[in-house]
file target.csv (CSV, C-alpha atoms)
chain,number,residue,atom,x,y,z
A,10,MET,CA,-6.7,2.0,-27.6
A,11,LYS,CA,-5.8,5.4,-26.2
A,12,LYS,CA,-2.5,5.2,-24.3
A,13,LEU,CA,-2.3,7.1,-21.0
A,14,LYS,CA,0.9,9.2,-21.0
A,15,VAL,CA,2.5,9.0,-17.5
A,16,GLY,CA,5.4,10.3,-15.6
A,17,VAL,CA,7.0,8.1,-12.9
A,18,ILE,CA,8.3,9.9,-9.9
A,19,GLY,CA,10.8,7.9,-7.9
A,20,CYS,CA,13.0,5.1,-9.4
A,21,GLY,CA,13.8,3.2,-6.2
A,22,GLN,CA,13.4,-0.5,-5.4
A,23,VAL,CA,9.6,-0.7,-5.7
A,24,ALA,CA,9.7,1.2,-9.0
A,25,GLN,CA,12.5,-1.1,-10.3
A,26,ILE,CA,10.9,-4.4,-9.3
A,27,ILE,CA,7.2,-3.7,-9.8
A,28,TRP,CA,6.0,-0.5,-11.3
A,29,LEU,CA,8.3,0.2,-14.2
A,30,PRO,CA,8.1,-3.3,-15.7
A,31,TYR,CA,4.3,-3.5,-15.4
A,32,VAL,CA,3.6,-0.1,-16.8
A,33,HIS,CA,6.0,-0.7,-19.6
A,34,GLU,CA,4.3,-4.0,-20.5
A,35,LEU,CA,0.7,-2.8,-20.5
A,36,ASP,CA,-0.7,-1.5,-23.8
A,37,GLU,CA,-2.8,1.1,-21.8
A,38,TYR,CA,0.3,3.1,-20.8
A,39,GLU,CA,3.2,5.0,-22.3
A,40,ILE,CA,6.0,6.2,-20.0
A,41,VAL,CA,7.0,9.6,-21.3
A,42,ALA,CA,9.1,10.8,-18.3
A,43,LEU,CA,11.0,9.7,-15.2
A,44,SER,CA,12.1,11.6,-12.2
A,45,ASP,CA,14.5,10.8,-9.4
A,46,ILE,CA,17.2,12.5,-7.4
A,47,SER,CA,19.7,10.1,-8.9
A,48,GLN,CA,20.9,10.9,-12.4
A,49,LYS,CA,22.5,7.4,-12.4
A,50,LEU,CA,19.1,5.7,-12.0
A,51,LEU,CA,17.5,8.0,-14.5
A,52,ASN,CA,20.0,7.2,-17.1
A,53,TYR,CA,19.8,3.5,-16.6
A,54,TYR,CA,16.0,3.1,-16.5
A,55,GLY,CA,15.5,5.8,-19.1
A,56,ASN,CA,17.7,3.7,-21.4
A,57,LEU,CA,16.1,0.4,-20.4
A,58,TYR,CA,12.5,1.6,-21.1
A,59,GLY,CA,13.2,4.0,-23.9
A,60,VAL,CA,12.2,7.1,-21.9
A,61,LYS,CA,13.9,10.3,-23.1
A,62,LYS,CA,12.5,12.9,-20.6
A,63,LEU,CA,14.5,12.5,-17.4
A,64,TYR,CA,14.1,15.0,-14.5
A,65,THR,CA,16.1,15.2,-11.3
A,66,ASP,CA,13.5,17.7,-10.0
A,67,TRP,CA,9.9,16.4,-9.9
A,68,HIS,CA,8.6,19.9,-10.1
A,69,GLU,CA,9.9,20.0,-13.7
A,70,LEU,CA,8.2,16.8,-14.6
A,71,LEU,CA,4.9,18.2,-13.4
A,72,GLN,CA,5.3,21.1,-15.8
A,73,ASP,CA,5.5,18.8,-18.8
A,74,SER,CA,2.3,19.3,-20.7
A,75,GLU,CA,2.5,15.9,-22.4
A,76,ILE,CA,2.0,14.1,-19.1
A,77,GLU,CA,-1.6,13.2,-18.2
A,78,ALA,CA,-1.0,11.3,-15.0
A,79,VAL,CA,1.8,10.6,-12.5
A,80,ILE,CA,2.8,7.5,-10.6
A,81,VAL,CA,4.2,8.7,-7.3
A,82,LEU,CA,6.8,6.3,-5.9
A,83,ASN,CA,9.2,8.5,-3.9
A,84,SER,CA,9.3,8.3,-0.1
A,85,ASN,CA,7.7,11.7,0.6
A,86,HIS,CA,4.3,11.7,-1.2
A,87,THR,CA,2.4,14.6,0.2
A,88,GLU,CA,3.8,17.6,-1.6
A,89,VAL,CA,4.2,15.7,-4.8
A,90,CYS,CA,0.5,14.7,-4.8
A,91,ILE,CA,-0.6,18.2,-3.9
A,92,GLU,CA,1.5,19.8,-6.7
A,93,ALA,CA,0.5,17.1,-9.2
A,94,ALA,CA,-3.2,17.9,-8.5
A,95,LYS,CA,-2.6,21.6,-9.0
A,96,ALA,CA,-0.9,20.7,-12.3
A,97,LYS,CA,-4.1,18.8,-13.3
A,98,LYS,CA,-2.3,15.5,-13.4
A,99,HIS,CA,-4.2,12.3,-12.3
A,100,ILE,CA,-2.3,10.5,-9.5
A,101,LEU,CA,-1.6,6.9,-8.7
A,102,VAL,CA,0.4,6.9,-5.4
A,103,GLU,CA,2.2,4.0,-3.8
A,104,LYS,CA,0.9,3.0,-0.3
A,105,PRO,CA,0.9,4.4,2.3
A,106,LEU,CA,-0.8,7.6,1.0
A,107,CYS,CA,1.2,9.7,3.5
A,108,GLU,CA,2.3,9.6,7.1
A,109,ASN,CA,-0.5,11.3,9.0
A,110,VAL,CA,-4.1,12.4,8.8
A,111,GLU,CA,-3.3,16.1,8.4
A,112,GLN,CA,-1.3,15.3,5.2
A,113,ALA,CA,-4.2,13.2,3.9
A,114,GLU,CA,-6.6,16.1,4.4
A,115,ARG,CA,-4.3,18.4,2.5
A,116,ILE,CA,-4.0,16.0,-0.4
A,117,GLU,CA,-7.8,15.4,-0.4
A,118,LYS,CA,-8.4,19.2,-0.6
A,119,ALA,CA,-6.0,19.6,-3.5
A,120,VAL,CA,-7.5,16.6,-5.4
A,121,THR,CA,-11.1,17.8,-4.9
A,122,GLU,CA,-10.4,21.4,-5.8
A,123,ASN,CA,-8.6,20.5,-9.0
A,124,ASN,CA,-11.0,17.7,-10.0
A,125,VAL,CA,-8.4,15.1,-10.6
A,126,ILE,CA,-8.4,11.4,-9.8
A,127,LEU,CA,-6.2,10.0,-7.1
A,128,MET,CA,-5.8,6.3,-6.5
A,129,VAL,CA,-3.8,4.8,-3.7
A,130,GLY,CA,-1.7,1.8,-4.7
A,131,GLU,CA,-3.2,-0.7,-2.3
A,132,MET,CA,-2.6,-3.6,-4.7
A,133,LYS,CA,-4.1,-6.3,-2.4
A,134,ARG,CA,-7.5,-4.8,-2.9
A,135,TYR,CA,-7.1,-5.8,-6.6
A,136,ASP,CA,-5.9,-9.3,-5.9
A,137,SER,CA,-8.3,-11.8,-7.6
A,138,GLY,CA,-8.0,-14.2,-4.7
A,139,TYR,CA,-8.7,-11.6,-2.1
A,140,ARG,CA,-11.7,-10.3,-4.1
A,141,TYR,CA,-13.1,-13.8,-4.3
A,142,ALA,CA,-12.6,-14.5,-0.6
A,143,ARG,CA,-14.2,-11.1,0.3
A,144,LYS,CA,-17.4,-12.3,-1.3
A,145,LEU,CA,-17.3,-15.6,0.7
A,146,ILE,CA,-16.6,-13.7,3.9
A,147,GLY,CA,-19.6,-11.4,3.1
A,148,ASN,CA,-21.8,-14.5,3.2
A,149,MET,CA,-20.3,-16.0,6.3
A,150,LYS,CA,-22.7,-16.8,9.1
A,151,GLY,CA,-21.8,-16.1,12.7
A,152,LEU,CA,-18.6,-14.1,12.3
A,153,ARG,CA,-16.9,-13.9,15.7
A,154,MET,CA,-13.2,-13.0,15.1
A,155,ILE,CA,-11.0,-11.5,12.5
A,156,ARG,CA,-7.2,-11.9,12.3
A,157,ALA,CA,-4.9,-9.9,10.1
A,158,ARG,CA,-1.2,-10.8,10.2
A,159,ASP,CA,1.9,-9.5,8.5
A,160,VAL,CA,5.0,-10.9,10.1
A,161,CYS,CA,7.9,-11.3,7.8
A,162,ASP,CA,11.2,-9.8,6.7
A,163,GLY,CA,9.8,-6.6,5.3
A,164,LEU,CA,11.2,-7.9,2.0
A,165,SER,CA,14.7,-6.8,2.9
A,166,ALA,CA,16.2,-10.2,3.5
A,167,SER,CA,14.5,-11.9,0.5
A,168,GLN,CA,14.7,-9.1,-2.0
A,169,PRO,CA,18.4,-9.5,-3.0
A,170,GLU,CA,17.8,-13.2,-4.0
A,171,ILE,CA,14.8,-12.2,-6.2
A,172,TYR,CA,16.0,-9.0,-7.8
A,173,GLU,CA,19.3,-7.0,-7.7
A,174,SER,CA,18.1,-3.4,-7.2
A,175,ARG,CA,20.2,-0.4,-8.1
A,176,ARG,CA,21.2,2.2,-5.5
A,177,ARG,CA,21.5,6.0,-5.6
A,178,THR,CA,25.3,5.9,-5.2
A,179,ASP,CA,25.7,9.2,-7.0
A,180,VAL,CA,23.5,11.2,-4.5
A,181,GLU,CA,25.2,13.0,-1.6
A,182,GLN,CA,24.4,11.7,1.9
A,183,ARG,CA,23.3,15.1,2.9
A,184,VAL,CA,20.5,15.1,0.4
A,185,LYS,CA,19.3,11.6,1.5
A,186,GLU,CA,19.4,12.7,5.1
A,187,GLU,CA,17.3,15.8,4.4
A,188,LEU,CA,14.6,13.7,2.8
A,189,ASN,CA,14.7,11.2,5.7
A,190,GLN,CA,14.4,14.1,8.2
A,191,ALA,CA,11.3,15.4,6.3
A,192,PHE,CA,9.7,12.0,6.5
A,193,GLU,CA,10.7,11.7,10.2
A,194,HIS,CA,9.2,15.1,10.9
A,195,GLU,CA,5.8,13.9,9.7
A,196,LEU,CA,6.0,10.6,11.6
A,197,GLN,CA,6.6,12.6,14.8
A,198,LYS,CA,3.3,14.5,14.3
A,199,VAL,CA,1.7,11.1,15.2
A,200,THR,CA,4.2,9.9,17.8
A,201,GLY,CA,4.9,13.2,19.6
A,202,ASP,CA,7.5,12.8,22.3
A,203,MET,CA,7.8,9.0,21.6
A,204,SER,CA,10.2,7.5,19.1
A,205,SER,CA,8.9,7.6,15.5
A,206,ASP,CA,10.3,4.0,15.2
A,207,LEU,CA,7.3,2.8,17.2
A,208,TYR,CA,5.0,3.9,14.3
A,209,TYR,CA,7.2,3.2,11.3
A,210,ARG,CA,6.4,-0.6,10.9
A,211,LEU,CA,2.7,-0.1,11.6
A,212,LEU,CA,2.6,2.6,8.8
A,213,LEU,CA,4.7,0.7,6.2
A,214,ALA,CA,3.5,-2.8,6.8
A,215,GLY,CA,0.3,-2.6,8.7
A,216,VAL,CA,-1.4,-0.2,6.2
A,217,HIS,CA,-1.9,-3.1,3.8
A,218,ASP,CA,-3.7,-5.2,6.5
A,219,ILE,CA,-5.7,-2.2,7.7
A,220,ASP,CA,-6.9,-1.5,4.2
A,221,ILE,CA,-8.0,-5.1,3.3
A,222,MET,CA,-9.6,-5.5,6.7
A,223,ARG,CA,-11.6,-2.3,6.3
A,224,ALA,CA,-12.7,-3.3,2.8
A,225,ALA,CA,-13.9,-6.7,3.9
A,226,PHE,CA,-15.5,-5.9,7.3
A,227,GLY,CA,-16.1,-2.1,7.3
A,228,GLU,CA,-15.0,0.4,10.0
A,229,PRO,CA,-14.3,-0.8,13.5
A,230,GLN,CA,-16.2,0.9,16.3
A,231,LYS,CA,-13.0,1.6,18.3
A,232,VAL,CA,-9.5,0.4,19.1
A,233,ASN,CA,-9.6,-1.5,22.4
A,234,TYR,CA,-5.9,-2.3,22.8
A,235,CYS,CA,-2.5,-1.8,21.3
A,236,ASP,CA,1.0,-2.8,22.4
A,237,ILE,CA,4.2,-2.2,20.6
A,238,TRP,CA,7.6,-3.7,21.5
A,239,ASP,CA,11.0,-4.5,20.1
A,240,ASP,CA,11.6,-0.9,19.2
A,241,GLY,CA,8.5,-0.8,17.0
A,242,ASN,CA,9.2,-4.1,15.2
A,243,MET,CA,6.4,-5.9,16.8
A,244,LEU,CA,2.8,-4.8,17.3
A,245,MET,CA,-0.5,-6.3,18.4
A,246,ALA,CA,-3.9,-4.5,18.4
A,247,GLU,CA,-7.5,-5.4,19.1
A,248,LEU,CA,-10.2,-3.6,17.1
A,249,ASP,CA,-13.9,-3.7,18.2
A,250,TYR,CA,-16.4,-4.6,15.5
A,251,GLY,CA,-19.4,-4.9,17.8
A,252,LYS,CA,-22.0,-7.7,17.9
A,253,GLN,CA,-19.5,-10.1,19.4
A,254,VAL,CA,-16.8,-9.5,16.8
A,255,LYS,CA,-13.3,-8.5,17.5
A,256,ALA,CA,-10.3,-8.1,15.1
A,257,ILE,CA,-6.7,-8.9,16.0
A,258,LEU,CA,-4.0,-7.1,14.0
A,259,GLU,CA,-0.4,-8.4,14.2
A,260,VAL,CA,2.5,-6.7,12.5
A,261,GLY,CA,6.1,-7.9,12.9
A,262,TYR,CA,9.5,-7.4,11.3
A,263,THR,CA,11.9,-10.3,11.6
A,264,ASN,CA,14.9,-11.9,9.9
A,265,GLN,CA,12.8,-14.7,8.4
A,266,LYS,CA,13.0,-14.8,4.6
A,267,TRP,CA,9.5,-16.3,4.0
A,268,PHE,CA,6.5,-14.1,3.4
A,269,ASP,CA,3.8,-14.4,6.1
A,270,GLU,CA,0.7,-12.3,5.5
A,271,GLU,CA,-2.8,-13.6,6.0
A,272,LEU,CA,-6.3,-12.4,6.6
A,273,THR,CA,-8.6,-14.9,8.5
A,274,ALA,CA,-12.3,-14.7,9.3
A,275,TYR,CA,-13.6,-17.1,12.0
A,276,GLY,CA,-17.3,-18.0,11.9
A,277,ILE,CA,-19.4,-20.4,14.0
A,278,ASP,CA,-19.1,-23.2,11.4
A,279,GLN,CA,-16.5,-21.9,9.0
A,280,THR,CA,-13.0,-20.4,8.8
A,281,ILE,CA,-11.8,-18.6,5.7
A,282,THR,CA,-8.1,-17.6,5.3
A,283,VAL,CA,-6.6,-15.6,2.6
A,284,LYS,CA,-2.8,-16.2,2.3
A,285,PHE,CA,-1.0,-13.7,0.2
A,286,PRO,CA,2.2,-14.6,-1.9
A,287,HIS,CA,5.4,-12.7,-1.8
A,288,PRO,CA,4.7,-9.5,-3.8
A,289,TYR,CA,8.1,-9.5,-5.5
A,290,ILE,CA,7.6,-12.9,-7.1
A,291,ARG,CA,5.4,-12.5,-10.2
A,292,ASN,CA,2.2,-14.4,-10.9
A,293,CYS,CA,2.0,-16.4,-7.7
A,294,PRO,CA,-1.7,-17.1,-6.9
A,295,THR,CA,-3.2,-16.1,-3.6
A,296,LEU,CA,-4.3,-19.1,-1.6
A,297,ILE,CA,-7.8,-19.3,-0.1
A,298,ARG,CA,-8.3,-21.9,2.6
A,299,ILE,CA,-11.8,-22.9,3.7
A,300,THR,CA,-12.5,-25.2,6.7
A,301,GLU,CA,-16.1,-25.9,7.5
A,302,ASN,CA,-18.7,-28.2,9.1
A,303,ASN,CA,-20.7,-30.1,6.6
A,304,ASN,CA,-23.2,-32.8,7.7
A,305,GLY,CA,-21.1,-33.7,10.7
A,306,MET,CA,-17.9,-33.8,8.7
A,307,ILE,CA,-14.9,-31.4,8.6
A,308,VAL,CA,-14.3,-30.3,5.0
A,309,ASP,CA,-11.1,-28.6,3.9
A,310,LYS,CA,-10.8,-26.7,0.6
A,311,GLU,CA,-8.0,-24.8,-1.1
A,312,ILE,CA,-8.8,-22.4,-3.9
A,313,LYS,CA,-6.4,-20.6,-6.2
A,314,VAL,CA,-8.5,-18.2,-8.3
A,315,SER,CA,-6.0,-16.9,-10.8
A,316,TYR,CA,-2.4,-16.4,-11.8
A,317,ASP,CA,-3.0,-12.8,-12.7
A,318,GLU,CA,-1.2,-10.0,-10.9
A,319,ALA,CA,-2.7,-7.6,-8.4
A,320,PHE,CA,-0.3,-4.9,-9.6
A,321,ARG,CA,-1.4,-5.3,-13.2
A,322,ASN,CA,-5.0,-5.3,-12.1
A,323,GLU,CA,-4.7,-2.1,-10.2
A,324,LEU,CA,-2.9,-0.4,-13.1
A,325,ARG,CA,-5.8,-1.4,-15.4
A,326,HIS,CA,-8.3,-0.1,-12.8
A,327,PHE,CA,-6.5,3.3,-12.7
A,328,TYR,CA,-6.5,3.5,-16.4
A,329,GLU,CA,-10.3,2.8,-16.5
A,330,CYS,CA,-10.9,5.4,-13.8
A,331,VAL,CA,-9.0,8.1,-15.7
A,332,ILE,CA,-10.5,7.3,-19.1
A,333,GLU,CA,-14.0,6.8,-17.9
A,334,GLU,CA,-13.9,9.4,-15.1
A,335,LYS,CA,-14.7,6.8,-12.4
A,336,VAL,CA,-13.9,7.0,-8.7
A,337,PRO,CA,-11.2,4.4,-7.8
A,338,GLU,CA,-11.9,1.7,-5.4
A,339,THR,CA,-8.9,2.8,-3.3
A,340,SER,CA,-9.7,6.5,-3.6
A,341,ILE,CA,-8.3,9.5,-1.6
A,342,SER,CA,-11.2,9.0,0.8
A,343,GLU,CA,-10.2,5.4,1.4
A,344,GLY,CA,-6.6,6.4,1.8
A,345,LYS,CA,-7.6,9.0,4.5
A,346,LYS,CA,-9.7,6.4,6.4
A,347,ASP,CA,-6.6,4.1,6.4
A,348,MET,CA,-4.5,6.9,7.9
A,349,GLN,CA,-7.2,7.7,10.5
A,350,LEU,CA,-7.3,4.1,11.7
A,351,LEU,CA,-3.5,3.8,11.8
A,352,ASN,CA,-3.5,7.0,13.9
A,353,ASP,CA,-6.2,5.6,16.2
A,354,ILE,CA,-4.3,2.4,16.8
A,355,PHE,CA,-1.1,4.3,17.7
A,356,GLN,CA,-3.0,6.7,20.0
A,357,CYS,CA,-4.4,3.8,21.8
A,358,TYR,CA,-0.9,2.7,22.5
A,359,VAL,CA,0.1,6.2,23.7
A,360,ARG,CA,-2.9,6.2,26.1
A,361,SER,CA,-1.9,2.8,27.5
A,362,LYS,CA,1.6,4.1,28.3
A,363,LYS,CA,0.3,7.2,30.1
A,364,CYS,CA,-1.9,5.0,32.5
call {"tool": "encode", "arguments": {"input": "target.csv", "output": "structure tokens"}}
result
Amino acid sequence: MKKLKVGVIGCGQVAQIIWLPYVHELDEYEIVALSDISQKLLNYYGNLYGVKKLYTDWHELLQDSEIEAVIVLNSNHTEVCIEAAKAKKHILVEKPLCENVEQAERIEKAVTENNVILMVGEMKRYDSGYRYARKLIGNMKGLRMIRARDVCDGLSASQPEIYESRRRTDVEQRVKEELNQAFEHELQKVTGDMSSDLYYRLLLAGVHDIDIMRAAFGEPQKVNYCDIWDDGNMLMAELDYGKQVKAILEVGYTNQKWFDEELTAYGIDQTITVKFPHPYIRNCPTLIRITENNNGMIVDKEIKVSYDEAFRNELRHFYECVIEEKVPETSISEGKKDMQLLNDIFQCYVRSKKC
């Protein structure tokens, strides 16, 4: 088997807990370089995974001719993705793709012009349970309502008990603030005069639910309603799917340590719920619950499709797309559609406040 030689850009929490271990384990990949602003993190994870090429500047990593593809895990994706495309590197970028539609269009242009593959790391699309439930939902009769919910701790309360992540204690606060300000600047292109905090949770948590909802049900006709409260920590939106179908999106950030993310489809005679496990706990199966009328009886079923990992599945899909020159299921086009819908939801909120 040909190994795909990759460079990993960003060695923060999601890289430490998820990406680096899986990429290291898979026979399809070889990690040949790491990049992070923290030399401390580079030294630790370079030693842990036997990676000798360590770059504090991601530009230098992109100039490395040995690297065929990059996994983009830093907080500011746009410029990295554009420059990676120009360097003819294939790209797997952690969700969300970026912060706004204008950035997504710039990334798409670079990817198209340089004929490289970009895949957005929307791992729930590659979850075996979700994929099975999506087929069931596709055959559902009399769909009337959709509900997508992600109300949990944002992984911050539970993470320390699952994995002890390492911090960038050797990086000056000034450097961190400059990166945060760049991220904030792009958020404000969506929020305008309003606080960027109102959009932050929708972008970081809601994008997962937007993506799986779009994949299962298609594009909504419009956004009917949106309200945001608790300084952006709580959001509710109503999306119009026409033909007597509405979708309710709920996003919330709390102190609760349990993970609470579900997608539910309500039909005339059947309800199908996909309950996702905590993403930081490995090999926990996604639970599918089916309640339906059957010859006058109420029948309840619970299905666990597999113990396989969505993250591992998406890495294998990316490998297949690069080697066989296929378009990823979560392509740049899909990532841009996610960004457009997130923007439309927030602009509905803006309009409601101006009335």
call {"tool": "closest_residue", "arguments": {"input": "target.csv", "among": "A:Asn56, A:Thr339, A:Ser44, A:Asn303", "to": "Gly130 in chain A", "atoms": "all atoms listed in the file"}}
result
A:Thr339
call {"tool": "closest_residue", "arguments": {"input": "target.csv", "among": "A:Gly261, A:Gly251, A:Gly16, A:Gly55", "to": "Ala93 in chain A", "atoms": "only C-alpha atoms"}}
result
A:Gly16
call {"tool": "residues_near_point", "arguments": {"input": "target.csv", "point": "(-5.4, -20.8, -4.7)", "cutoff": "9 Å", "atoms": "all atoms listed in the file", "output": "NGL selection string"}}
result
:A and (138 or 284 or 294-298 or 311-316)
call {"tool": "closest_residue", "arguments": {"input": "target.csv", "among": "A:Ile277, A:Ile46, A:Cys235, A:Val89", "to": "Val180 in chain A", "atoms": "only C-alpha atoms"}}
result
A:Ile46
call {"tool": "closest_residue", "arguments": {"input": "target.csv", "among": "A:Ile18, A:Ala225, A:Ile40, A:Ile26", "to": "Val81 in chain A", "atoms": "only C-alpha atoms"}}
result
A:Ile18
call {"tool": "closest_residue", "arguments": {"input": "target.csv", "among": "A:Val260, A:Tyr275, A:Lys98, A:Ile299", "to": "Gln72 in chain A", "atoms": "only C-alpha atoms"}}
result
A:Lys98
call {"tool": "closest_residue", "arguments": {"input": "target.csv", "among": "A:Gly163, A:Arg177, A:Val32, A:Pro105", "to": "Tyr53 in chain A", "atoms": "only C-alpha atoms"}}
result
A:Arg177
call {"tool": "residues_around", "arguments": {"input": "target.csv", "residues": "Asp220 in chain A", "least_positions_apart": "2", "cutoff": "10 Å", "atoms": "all atoms listed in the file", "output": "MDAnalysis selection string"}}
result
chainID A and resid 105 131 133:134 215:218 222:225 227 339 343:344 346:348 350:351
call {"tool": "decode", "arguments": {"input": "target.csv", "residues": "range 82-96 of chain A", "atoms": "N, CA and C atoms", "output": "mmCIF file, in the first residue's frame"}}
result
data_model
loop_
_atom_site.group_PDB
_atom_site.id
_atom_site.type_symbol
_atom_site.label_atom_id
_atom_site.label_comp_id
_atom_site.auth_asym_id
_atom_site.auth_seq_id
_atom_site.Cartn_x
_atom_site.Cartn_y
_atom_site.Cartn_z
ATOM 1 N N LEU A 82 -5.239 22.058 11.101
ATOM 2 C CA LEU A 82 -5.884 21.990 12.409
ATOM 3 C C LEU A 82 -5.662 23.247 13.234
ATOM 4 N N ASN A 83 -5.062 24.271 12.661
ATOM 5 C CA ASN A 83 -4.901 25.516 13.407
ATOM 6 C C ASN A 83 -6.231 26.261 13.435
ATOM 7 N N SER A 84 -6.289 27.392 14.109
ATOM 8 C CA SER A 84 -7.573 28.090 14.280
ATOM 9 C C SER A 84 -7.950 28.951 13.088
ATOM 10 N N ASN A 85 -6.986 29.400 12.302
ATOM 11 C CA ASN A 85 -7.248 30.276 11.165
ATOM 12 C C ASN A 85 -6.922 29.514 9.880
ATOM 13 N N HIS A 86 -7.945 28.947 9.245
ATOM 14 C CA HIS A 86 -7.736 28.007 8.145
ATOM 15 C C HIS A 86 -7.510 28.652 6.782
ATOM 16 N N THR A 87 -8.099 29.793 6.557
ATOM 17 C CA THR A 87 -8.229 30.317 5.198
ATOM 18 C C THR A 87 -6.903 30.461 4.467
ATOM 19 N N GLU A 88 -5.994 31.232 5.027
ATOM 20 C CA GLU A 88 -4.730 31.485 4.324
ATOM 21 C C GLU A 88 -3.908 30.206 4.188
ATOM 22 N N VAL A 89 -3.983 29.341 5.182
ATOM 23 C CA VAL A 89 -3.254 28.075 5.109
ATOM 24 C C VAL A 89 -3.781 27.240 3.942
ATOM 25 N N CYS A 90 -5.108 27.150 3.822
ATOM 26 C CA CYS A 90 -5.699 26.356 2.735
ATOM 27 C C CYS A 90 -5.354 26.937 1.370
ATOM 28 N N ILE A 91 -5.403 28.246 1.247
ATOM 29 C CA ILE A 91 -5.097 28.891 -0.033
ATOM 30 C C ILE A 91 -3.640 28.652 -0.416
ATOM 31 N N GLU A 92 -2.735 28.856 0.532
ATOM 32 C CA GLU A 92 -1.311 28.666 0.235
ATOM 33 C C GLU A 92 -0.981 27.200 0.012
ATOM 34 N N ALA A 93 -1.674 26.297 0.718
ATOM 35 C CA ALA A 93 -1.455 24.864 0.503
ATOM 36 C C ALA A 93 -1.887 24.470 -0.907
ATOM 37 N N ALA A 94 -3.001 25.022 -1.366
ATOM 38 C CA ALA A 94 -3.462 24.737 -2.728
ATOM 39 C C ALA A 94 -2.444 25.237 -3.752
ATOM 40 N N LYS A 95 -1.926 26.423 -3.526
ATOM 41 C CA LYS A 95 -0.918 26.976 -4.440
ATOM 42 C C LYS A 95 0.356 26.121 -4.448
ATOM 43 N N ALA A 96 0.636 25.493 -3.316
ATOM 44 C CA ALA A 96 1.816 24.623 -3.220
ATOM 45 C C ALA A 96 1.523 23.208 -3.725
#
